[in-house]
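Okay, coords-v2.cif is below, mmCIF, C-alpha atoms and all ligand atoms:
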data_coords
#
loop_
_atom_site.group_PDB
_atom_site.id
_atom_site.type_symbol
_atom_site.label_atom_id
_atom_site.label_comp_id
_atom_site.auth_asym_id
_atom_site.auth_seq_id
_atom_site.Cartn_x
_atom_site.Cartn_y
_atom_site.Cartn_z
ATOM 1 C CA MET A 1 27.274 16.607 8.200
ATOM 2 C CA PRO A 2 25.732 15.099 11.377
ATOM 3 C CA ALA A 3 23.264 12.319 10.617
ATOM 4 C CA ASP A 4 20.348 14.077 12.322
ATOM 5 C CA ILE A 5 20.744 17.119 10.059
ATOM 6 C CA ALA A 6 21.675 15.109 7.016
ATOM 7 C CA THR A 7 18.496 13.058 7.090
ATOM 8 C CA GLN A 8 15.923 15.812 7.578
ATOM 9 C CA PRO A 9 13.199 15.387 4.914
ATOM 10 C CA GLY A 10 14.020 17.550 1.946
ATOM 11 C CA SER A 11 17.770 17.721 2.658
ATOM 12 C CA PRO A 12 20.188 16.468 -0.066
ATOM 13 C CA ARG A 13 21.163 13.425 2.048
ATOM 14 C CA ALA A 14 17.506 12.599 2.715
ATOM 15 C CA ALA A 15 17.023 12.236 -1.042
ATOM 16 C CA ALA A 16 20.158 10.083 -1.287
ATOM 17 C CA VAL A 17 18.848 7.576 1.221
ATOM 18 C CA ALA A 18 15.348 7.200 -0.207
ATOM 19 C CA GLY A 19 14.216 3.972 -1.872
ATOM 20 C CA PRO A 20 12.508 0.867 -0.520
ATOM 21 C CA VAL A 21 13.167 -0.204 3.072
ATOM 22 C CA ILE A 22 11.735 -3.462 4.435
ATOM 23 C CA LEU A 23 11.290 -3.842 8.198
ATOM 24 C CA MET A 24 11.046 -7.530 9.060
ATOM 25 C CA GLY A 25 10.498 -9.278 12.353
ATOM 26 C CA ALA A 26 8.063 -11.212 14.510
ATOM 27 C CA PRO A 27 4.818 -9.656 15.750
ATOM 28 C CA GLY A 28 5.703 -7.035 18.365
ATOM 29 C CA VAL A 29 9.395 -6.479 17.542
ATOM 30 C CA GLY A 30 8.672 -2.788 16.884
ATOM 31 C CA LYS A 31 8.229 -2.618 13.100
ATOM 32 C CA GLY A 32 5.335 -0.155 13.306
ATOM 33 C CA THR A 33 7.037 1.993 15.951
ATOM 34 C CA GLN A 34 10.234 2.239 13.886
ATOM 35 C CA ALA A 35 8.499 2.584 10.500
ATOM 36 C CA LYS A 36 6.675 5.726 11.664
ATOM 37 C CA LEU A 37 9.902 7.345 12.927
ATOM 38 C CA ILE A 38 11.942 6.458 9.851
ATOM 39 C CA ALA A 39 9.198 7.485 7.446
ATOM 40 C CA GLU A 40 8.990 10.866 9.146
ATOM 41 C CA ARG A 41 12.767 11.282 9.054
ATOM 42 C CA TYR A 42 13.059 10.640 5.322
ATOM 43 C CA GLY A 43 9.731 12.119 4.240
ATOM 44 C CA ILE A 44 8.563 8.867 2.648
ATOM 45 C CA PRO A 45 5.423 6.877 3.584
ATOM 46 C CA GLN A 46 5.058 3.949 5.950
ATOM 47 C CA VAL A 47 3.234 1.165 4.119
ATOM 48 C CA SER A 48 1.822 -1.059 6.869
ATOM 49 C CA THR A 49 -0.132 -3.979 5.443
ATOM 50 C CA GLY A 50 -1.651 -4.651 8.886
ATOM 51 C CA ASP A 51 -2.947 -1.051 9.098
ATOM 52 C CA ILE A 52 -4.354 -1.149 5.550
ATOM 53 C CA LEU A 53 -6.125 -4.436 6.301
ATOM 54 C CA ARG A 54 -7.531 -3.059 9.582
ATOM 55 C CA ASP A 55 -8.846 0.014 7.682
ATOM 56 C CA ASN A 56 -10.547 -2.324 5.208
ATOM 57 C CA VAL A 57 -12.095 -4.300 8.071
ATOM 58 C CA ALA A 58 -13.340 -1.081 9.705
ATOM 59 C CA GLN A 59 -14.854 0.116 6.415
ATOM 60 C CA GLY A 60 -16.459 -3.258 5.686
ATOM 61 C CA THR A 61 -14.917 -3.612 2.204
ATOM 62 C CA GLU A 62 -14.898 -6.983 0.387
ATOM 63 C CA LEU A 63 -11.198 -7.331 1.257
ATOM 64 C CA GLY A 64 -11.936 -6.450 4.888
ATOM 65 C CA LYS A 65 -14.701 -9.078 5.083
ATOM 66 C CA LYS A 66 -12.322 -11.755 3.794
ATOM 67 C CA ALA A 67 -9.391 -10.647 5.970
ATOM 68 C CA ASP A 68 -11.223 -10.144 9.282
ATOM 69 C CA PRO A 69 -11.691 -13.805 10.355
ATOM 70 C CA ILE A 70 -8.184 -14.681 9.145
ATOM 71 C CA MET A 71 -6.592 -11.872 11.161
ATOM 72 C CA LYS A 72 -8.630 -12.799 14.238
ATOM 73 C CA SER A 73 -7.246 -16.346 14.001
ATOM 74 C CA GLY A 74 -3.614 -15.223 13.736
ATOM 75 C CA ALA A 75 -3.116 -16.709 10.255
ATOM 76 C CA LEU A 76 -1.840 -14.853 7.190
ATOM 77 C CA VAL A 77 -4.142 -13.371 4.544
ATOM 78 C CA PRO A 78 -3.637 -15.173 1.172
ATOM 79 C CA ASP A 79 -0.809 -13.903 -1.031
ATOM 80 C CA ASP A 80 -2.991 -12.946 -4.020
ATOM 81 C CA LEU A 81 -5.094 -10.567 -1.894
ATOM 82 C CA MET A 82 -1.981 -9.060 -0.309
ATOM 83 C CA MET A 83 -0.171 -8.475 -3.605
ATOM 84 C CA GLU A 84 -3.195 -6.772 -5.141
ATOM 85 C CA MET A 85 -3.564 -4.568 -2.052
ATOM 86 C CA VAL A 86 0.137 -3.615 -1.948
ATOM 87 C CA ALA A 87 0.242 -2.980 -5.717
ATOM 88 C CA ASP A 88 -2.651 -0.530 -5.277
ATOM 89 C CA ARG A 89 -0.890 1.264 -2.418
ATOM 90 C CA LEU A 90 2.462 1.499 -4.217
ATOM 91 C CA LYS A 91 0.756 3.169 -7.203
ATOM 92 C CA GLN A 92 0.146 6.252 -5.046
ATOM 93 C CA PRO A 93 2.408 9.196 -5.955
ATOM 94 C CA ASP A 94 3.777 9.560 -2.402
ATOM 95 C CA THR A 95 5.866 6.391 -2.929
ATOM 96 C CA ARG A 96 7.912 7.853 -5.815
ATOM 97 C CA ARG A 97 10.995 8.578 -3.683
ATOM 98 C CA GLY A 98 10.695 5.443 -1.600
ATOM 99 C CA PHE A 99 8.657 3.773 1.139
ATOM 100 C CA ILE A 100 9.004 1.801 4.369
ATOM 101 C CA LEU A 101 7.340 -1.607 4.147
ATOM 102 C CA ASP A 102 6.070 -2.685 7.565
ATOM 103 C CA GLY A 103 4.678 -6.233 7.553
ATOM 104 C CA PHE A 104 5.277 -7.039 3.876
ATOM 105 C CA PRO A 105 6.584 -9.314 2.439
ATOM 106 C CA ARG A 106 5.671 -12.132 4.809
ATOM 107 C CA THR A 107 6.003 -15.176 2.552
ATOM 108 C CA VAL A 108 8.521 -16.220 -0.084
ATOM 109 C CA GLY A 109 5.761 -15.747 -2.713
ATOM 110 C CA GLN A 110 5.262 -12.125 -1.596
ATOM 111 C CA ALA A 111 9.032 -11.496 -1.628
ATOM 112 C CA GLU A 112 9.350 -12.844 -5.188
ATOM 113 C CA TRP A 113 6.443 -10.660 -6.293
ATOM 114 C CA LEU A 114 8.083 -7.612 -4.659
ATOM 115 C CA ASP A 115 11.415 -8.356 -6.388
ATOM 116 C CA GLN A 116 9.653 -8.310 -9.754
ATOM 117 C CA TYR A 117 7.785 -5.148 -8.864
ATOM 118 C CA LEU A 118 11.022 -3.378 -7.848
ATOM 119 C CA GLN A 119 12.782 -4.456 -11.042
ATOM 120 C CA SER A 120 10.298 -2.390 -13.016
ATOM 121 C CA THR A 121 10.198 0.570 -10.624
ATOM 122 C CA SER A 122 12.525 3.541 -10.374
ATOM 123 C CA PHE A 123 12.992 6.001 -7.543
ATOM 124 C CA ASP A 124 14.002 9.487 -8.637
ATOM 125 C CA GLY A 125 14.983 7.869 -11.950
ATOM 126 C CA ARG A 126 17.106 5.058 -10.419
ATOM 127 C CA ARG A 127 16.526 1.367 -9.735
ATOM 128 C CA ILE A 128 17.193 0.846 -6.018
ATOM 129 C CA ALA A 129 17.331 -2.554 -4.302
ATOM 130 C CA PRO A 130 15.616 -2.767 -0.909
ATOM 131 C CA VAL A 131 17.450 -2.514 2.407
ATOM 132 C CA VAL A 132 16.045 -5.277 4.611
ATOM 133 C CA VAL A 133 16.288 -4.782 8.365
ATOM 134 C CA HIS A 134 15.489 -7.851 10.464
ATOM 135 C CA ILE A 135 14.613 -6.795 14.013
ATOM 136 C CA ARG A 136 15.026 -9.494 16.685
ATOM 137 C CA VAL A 137 13.439 -9.606 20.142
ATOM 138 C CA SER A 138 13.203 -12.536 22.609
ATOM 139 C CA TYR A 139 9.931 -14.453 23.010
ATOM 140 C CA ASN A 140 9.140 -13.235 26.544
ATOM 141 C CA GLN A 141 9.748 -9.620 25.575
ATOM 142 C CA LEU A 142 7.426 -10.056 22.552
ATOM 143 C CA LEU A 143 4.613 -11.350 24.760
ATOM 144 C CA GLN A 144 4.949 -8.375 27.097
ATOM 145 C CA ARG A 145 5.043 -5.934 24.206
ATOM 146 C CA LEU A 146 1.964 -7.371 22.503
ATOM 147 C CA THR A 147 -0.210 -7.783 25.597
ATOM 148 C CA GLY A 148 0.771 -4.279 26.771
ATOM 149 C CA ARG A 149 0.315 -2.523 23.425
ATOM 150 C CA ARG A 150 -2.331 0.172 23.117
ATOM 151 C CA SER A 151 -2.845 2.459 20.140
ATOM 152 C CA CYS A 152 -4.660 5.649 19.312
ATOM 153 C CA PRO A 153 -7.645 4.976 17.014
ATOM 154 C CA VAL A 154 -7.369 8.514 15.604
ATOM 155 C CA ASP A 155 -3.688 9.189 14.858
ATOM 156 C CA GLY A 156 -2.272 5.647 15.067
ATOM 157 C CA ARG A 157 0.327 6.436 17.784
ATOM 158 C CA ILE A 158 1.573 3.285 19.493
ATOM 159 C CA TYR A 159 2.006 3.010 23.284
ATOM 160 C CA ASN A 160 2.782 0.271 25.774
ATOM 161 C CA ILE A 161 1.283 0.208 29.254
ATOM 162 C CA TYR A 162 4.538 -1.335 30.581
ATOM 163 C CA SER A 163 7.327 0.361 28.641
ATOM 164 C CA GLN A 164 5.847 3.448 26.931
ATOM 165 C CA PRO A 165 2.706 4.461 28.807
ATOM 166 C CA PRO A 166 0.736 7.566 27.850
ATOM 167 C CA LYS A 167 1.033 10.517 30.244
ATOM 168 C CA ASN A 168 -2.635 10.361 31.319
ATOM 169 C CA ASP A 169 -4.556 7.174 32.044
ATOM 170 C CA GLU A 170 -5.089 5.415 28.676
ATOM 171 C CA LEU A 171 -5.442 8.611 26.622
ATOM 172 C CA CYS A 172 -3.385 9.586 23.569
ATOM 173 C CA ASP A 173 -0.706 12.174 24.477
ATOM 174 C CA SER A 174 -1.245 13.933 21.195
ATOM 175 C CA CYS A 175 -5.034 14.063 20.637
ATOM 176 C CA GLY A 176 -6.539 12.848 23.947
ATOM 177 C CA SER A 177 -8.519 9.977 22.373
ATOM 178 C CA ARG A 178 -9.035 6.836 24.468
ATOM 179 C CA LEU A 179 -6.463 4.226 23.486
ATOM 180 C CA VAL A 180 -7.597 0.819 22.195
ATOM 181 C CA GLN A 181 -6.197 -2.710 22.285
ATOM 182 C CA ARG A 182 -5.976 -4.656 19.012
ATOM 183 C CA LYS A 183 -8.326 -7.653 18.737
ATOM 184 C CA ASP A 184 -5.414 -9.917 17.814
ATOM 185 C CA ASP A 185 -3.358 -8.903 20.870
ATOM 186 C CA LYS A 186 -4.928 -11.663 22.987
ATOM 187 C CA GLU A 187 -2.641 -14.464 24.197
ATOM 188 C CA ASP A 188 -4.234 -17.301 22.160
ATOM 189 C CA VAL A 189 -4.116 -15.259 18.930
ATOM 190 C CA ILE A 190 -0.592 -13.992 19.701
ATOM 191 C CA SER A 191 0.579 -17.583 19.931
ATOM 192 C CA GLU A 192 -0.926 -18.377 16.477
ATOM 193 C CA ARG A 193 0.626 -15.209 14.996
ATOM 194 C CA LEU A 194 4.046 -16.249 16.286
ATOM 195 C CA LYS A 195 3.592 -19.735 14.784
ATOM 196 C CA SER A 196 2.583 -18.228 11.401
ATOM 197 C CA TYR A 197 5.674 -16.036 11.591
ATOM 198 C CA GLU A 198 8.013 -18.969 12.233
ATOM 199 C CA ARG A 199 6.484 -21.158 9.545
ATOM 200 C CA GLN A 200 5.908 -18.649 6.747
ATOM 201 C CA THR A 201 7.980 -15.504 7.330
ATOM 202 C CA LEU A 202 11.214 -16.672 8.960
ATOM 203 C CA PRO A 203 12.370 -18.330 5.673
ATOM 204 C CA LEU A 204 12.682 -14.773 4.302
ATOM 205 C CA VAL A 205 15.725 -14.215 6.514
ATOM 206 C CA GLU A 206 17.607 -16.775 4.430
ATOM 207 C CA TYR A 207 15.997 -15.459 1.213
ATOM 208 C CA TYR A 208 17.321 -11.915 1.754
ATOM 209 C CA ASN A 209 20.580 -13.115 3.282
ATOM 210 C CA ARG A 210 21.379 -14.936 0.016
ATOM 211 C CA LYS A 211 20.768 -11.692 -1.875
ATOM 212 C CA GLY A 212 23.126 -9.799 0.457
ATOM 213 C CA SER A 213 20.442 -7.304 1.488
ATOM 214 C CA LEU A 214 19.763 -8.497 5.045
ATOM 215 C CA HIS A 215 20.813 -6.528 8.126
ATOM 216 C CA GLU A 216 20.254 -7.942 11.611
ATOM 217 C CA LEU A 217 19.308 -5.636 14.461
ATOM 218 C CA ASN A 218 18.798 -6.128 18.211
ATOM 219 C CA GLY A 219 15.285 -4.788 18.858
ATOM 220 C CA GLU A 220 15.544 -5.065 22.663
ATOM 221 C CA ALA A 221 17.358 -1.742 22.959
ATOM 222 C CA PRO A 222 15.362 1.424 23.729
ATOM 223 C CA VAL A 223 13.275 2.794 20.835
ATOM 224 C CA ASP A 224 15.658 5.722 20.125
ATOM 225 C CA GLN A 225 18.646 3.413 19.895
ATOM 226 C CA VAL A 226 16.867 1.010 17.531
ATOM 227 C CA THR A 227 15.924 4.005 15.352
ATOM 228 C CA ALA A 228 19.505 5.315 15.315
ATOM 229 C CA GLU A 229 20.853 1.881 14.332
ATOM 230 C CA THR A 230 18.230 1.457 11.613
ATOM 231 C CA LEU A 231 19.030 4.876 10.152
ATOM 232 C CA ALA A 232 22.747 4.017 10.258
ATOM 233 C CA ILE A 233 22.102 0.780 8.306
ATOM 234 C CA ILE A 234 20.060 2.622 5.676
ATOM 235 C CA GLU A 235 22.699 5.334 5.307
ATOM 236 C CA ARG A 236 25.603 2.867 5.140
ATOM 237 C CA SER A 237 23.783 0.914 2.423
ATOM 238 C CA ALA A 238 23.146 4.100 0.455
ATOM 239 C CA ALA A 239 26.754 5.269 0.868
ATOM 240 C CA ALA A 240 28.145 1.882 -0.196
ATOM 241 C CA GLY A 241 26.023 2.029 -3.324
ATOM 242 C CA ALA A 242 24.688 -1.376 -2.358
ATOM 243 C CA ARG A 243 21.175 -0.374 -3.286
HETATM 244 P P1 LIG B 301 0.455 -6.542 11.513
HETATM 245 O O1 LIG B 301 -0.399 -5.422 11.899
HETATM 246 O O2 LIG B 301 1.536 -6.337 10.529
HETATM 247 O O3 LIG B 301 1.025 -7.183 12.849
HETATM 248 P P2 LIG B 301 2.417 -7.888 13.210
HETATM 249 O O4 LIG B 301 3.378 -8.189 12.173
HETATM 250 O O5 LIG B 301 1.938 -9.041 13.999
HETATM 251 O O6 LIG B 301 3.179 -6.808 13.943
HETATM 252 P P3 LIG B 301 2.654 -5.909 15.045
HETATM 253 O O7 LIG B 301 1.931 -4.741 14.464
HETATM 254 O O8 LIG B 301 1.894 -6.719 16.066
HETATM 255 O O9 LIG B 301 3.998 -5.491 15.794
HETATM 256 P P4 LIG B 301 5.131 -4.467 15.394
HETATM 257 O O10 LIG B 301 6.362 -5.212 15.054
HETATM 258 O O11 LIG B 301 4.643 -3.453 14.416
HETATM 259 O O12 LIG B 301 5.357 -3.805 16.822
HETATM 260 P P5 LIG B 301 4.946 -2.349 17.388
HETATM 261 O O13 LIG B 301 5.808 -1.302 16.801
HETATM 262 O O14 LIG B 301 3.454 -2.159 17.325
HETATM 263 O O15 LIG B 301 -0.435 -7.741 10.952
HETATM 264 C C1 LIG B 301 -1.648 -8.107 11.571
HETATM 265 C C2 LIG B 301 -2.293 -9.239 10.774
HETATM 266 O O16 LIG B 301 -2.591 -8.802 9.428
HETATM 267 C C3 LIG B 301 -1.404 -10.486 10.562
HETATM 268 O O17 LIG B 301 -1.495 -11.364 11.670
HETATM 269 C C4 LIG B 301 -2.025 -11.083 9.289
HETATM 270 O O18 LIG B 301 -3.222 -11.749 9.552
HETATM 271 C C5 LIG B 301 -2.357 -9.836 8.476
HETATM 272 N N1 LIG B 301 -1.235 -9.417 7.589
HETATM 273 C C6 LIG B 301 -0.524 -8.265 7.657
HETATM 274 N N2 LIG B 301 0.414 -8.231 6.695
HETATM 275 C C7 LIG B 301 0.289 -9.393 5.998
HETATM 276 C C8 LIG B 301 0.991 -9.939 4.892
HETATM 277 N N3 LIG B 301 2.008 -9.292 4.306
HETATM 278 N N4 LIG B 301 0.602 -11.145 4.447
HETATM 279 C C9 LIG B 301 -0.433 -11.824 5.007
HETATM 280 N N5 LIG B 301 -1.128 -11.360 6.068
HETATM 281 C C10 LIG B 301 -0.773 -10.145 6.560
HETATM 282 O O19 LIG B 301 5.391 -2.546 18.919
HETATM 283 C C11 LIG B 301 4.759 -3.480 19.755
HETATM 284 C C12 LIG B 301 4.764 -2.935 21.206
HETATM 285 O O20 LIG B 301 6.109 -2.852 21.662
HETATM 286 C C13 LIG B 301 4.177 -1.508 21.333
HETATM 287 O O21 LIG B 301 3.426 -1.413 22.510
HETATM 288 C C14 LIG B 301 5.428 -0.603 21.400
HETATM 289 O O22 LIG B 301 5.167 0.561 22.165
HETATM 290 C C15 LIG B 301 6.446 -1.522 22.068
HETATM 291 N N6 LIG B 301 7.823 -1.268 21.634
HETATM 292 C C16 LIG B 301 8.272 -1.066 20.362
HETATM 293 N N7 LIG B 301 9.611 -0.906 20.340
HETATM 294 C C17 LIG B 301 10.026 -1.037 21.630
HETATM 295 C C18 LIG B 301 11.314 -0.975 22.243
HETATM 296 N N8 LIG B 301 12.443 -0.779 21.535
HETATM 297 N N9 LIG B 301 11.376 -1.150 23.588
HETATM 298 C C19 LIG B 301 10.246 -1.373 24.331
HETATM 299 N N10 LIG B 301 8.992 -1.423 23.793
HETATM 300 C C20 LIG B 301 8.888 -1.254 22.453
#
In structure tokens, write the structure found in this file.
Ligand code: AP5
Amino acid sequence: MPADIATQPGSPRAAAVAGPVILMGAPGVGKGTQAKLIAERYGIPQVSTGDILRDNVAQGTELGKKADPIMKSGALVPDDLMMEMVADRLKQPDTRRGFILDGFPRTVGQAEWLDQYLQSTSFDGRRIAPVVVHIRVSYNQLLQRLTGRRSCPVDGRIYNIYSQPPKNDELCDSCGSRLVQRKDDKEDVISERLKSYERQTLPLVEYYNRKGSLHELNGEAPVDQVTAETLAIIERSAAAGAR
């Protein structure tokens, strides 16, 4: 069966490839872009910790008030707050078949917590280990992607004024809303975010490599190609029973 038919949500193969998927990589590698496409393909939710935090900031919740200044500085929100937030999200029934984690875990402490969580969680009655996809993009490309990123405040679609511009001005192709730039996509904050990534998140490459669940991917290819390669990794892992 061709992969594009086999992985339609609701098809038998789509069910076979469900389970937890972790998209890892520096700010701007394309985690959010890919997570949306993969989530749609498999009919499982994208769990973006950055998006959940930004929603909390917008709604002025206690979590949002704590996270806002930290996010504006480019540092990471403390582990205990993140674990509580992710635990809440993963309790939702839409995660029963699987989920795409975009931006979590980001520290060894978060990864250890997630391991424990997954040991006591089943997907369609089975324990399934995560497939971890590490997307790599060069530093200069990251800067261009982050400074050029715009997103739709209504439907969350991601654009780039350099590589994936909207059809009209800075308006969303789908709903026509005016696109916005994220507050942390300013050069000084980007530089702090990249430092936080190197210090606190990069050690996870070795962490997941030791467990045999890490897959490296070149994120500089066009979006469609990165998606196809990510889907191939997920399907190979499922077929090999490595999950
Ligand atoms: P978060 O929102 O997760 O930001 P991030 O990790 O810095 O990642 P980004 O969203 O910036 O990039 P992305 O990889 O999703 O790229 P995208 O697809 O948008 O986190 C924000 C903050 O929240 C953190 O700094 C921290 O404070 C806090 N936080 C979140 N999670 C946390 C955690 N677990 N623990 C502690 N704190 C946490 O693409 C970028 C651009 O590139 C777009 O314009 C896109 O159109 C373009 N693009 C994508 N793919 C391609 C391609 N193949 N070719 C050309 N252009 C492309």
Pick out the residues sitting within 10 Å of range 80-86 of chain A, and hand them over as number ranges by chain; count only C-alpha atoms, and ignore anything fewer than 2 positions along from it in its own chain. A: 47-49, 52-53, 63, 66-67, 76-78, 88-91, 101, 104-106, 109-111, 113-114
Find the residues of range 129-182 of chain A that sit at most 7 Å from range 212-222 of chain A; for each, write down the nearest two atoms and how far apart they are in Å, to one decimal. Count all atoms listed in the file. Sort by chain, then by number going up, and give it as a tab-separated table.
residue	atom	partner	partner_atom	distance
A:Val131	CA	A:Ser213	CA	5.7
A:Val132	CA	A:Leu214	CA	4.9
A:Val133	CA	A:His215	CA	4.9
A:His134	CA	A:Glu216	CA	4.9
A:Ile135	CA	A:Leu217	CA	4.9
A:Arg136	CA	A:Gly219	CA	5.2
A:Val137	CA	A:Gly219	CA	5.3
Among listed residues A:Leu143, A:Leu194, A:Ala240, A:Ala228, nearest Arg41 in chain A (using all atoms listed in the file): A:Ala228
If I wrap all listed atoms of range 178-189 of chain A in a box with edges along x, y and z and add 3 Å on each side, what are its centre and edge lengths in Å to one decimal, as AutoDock Vina command-line options?
--center_x -5.8 --center_y -5.2 --center_z 21.1 --size_x 12.4 --size_y 30.1 --size_z 12.7
Atom pair CA of Ala129 in chain A / CA of Ala35 in chain A: separation (Å):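 Interatomic distance here is 18.0 Å.
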Please compute the atom O5 of ligand LIG 301 (chain B)-CA of Leu23 in chain A distance, one decimal, in Å. 12.2 Å
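Between atom O3 of ligand LIG 301 (chain B) and CA of Pro27 in chain A the separation is 5.4 Å.
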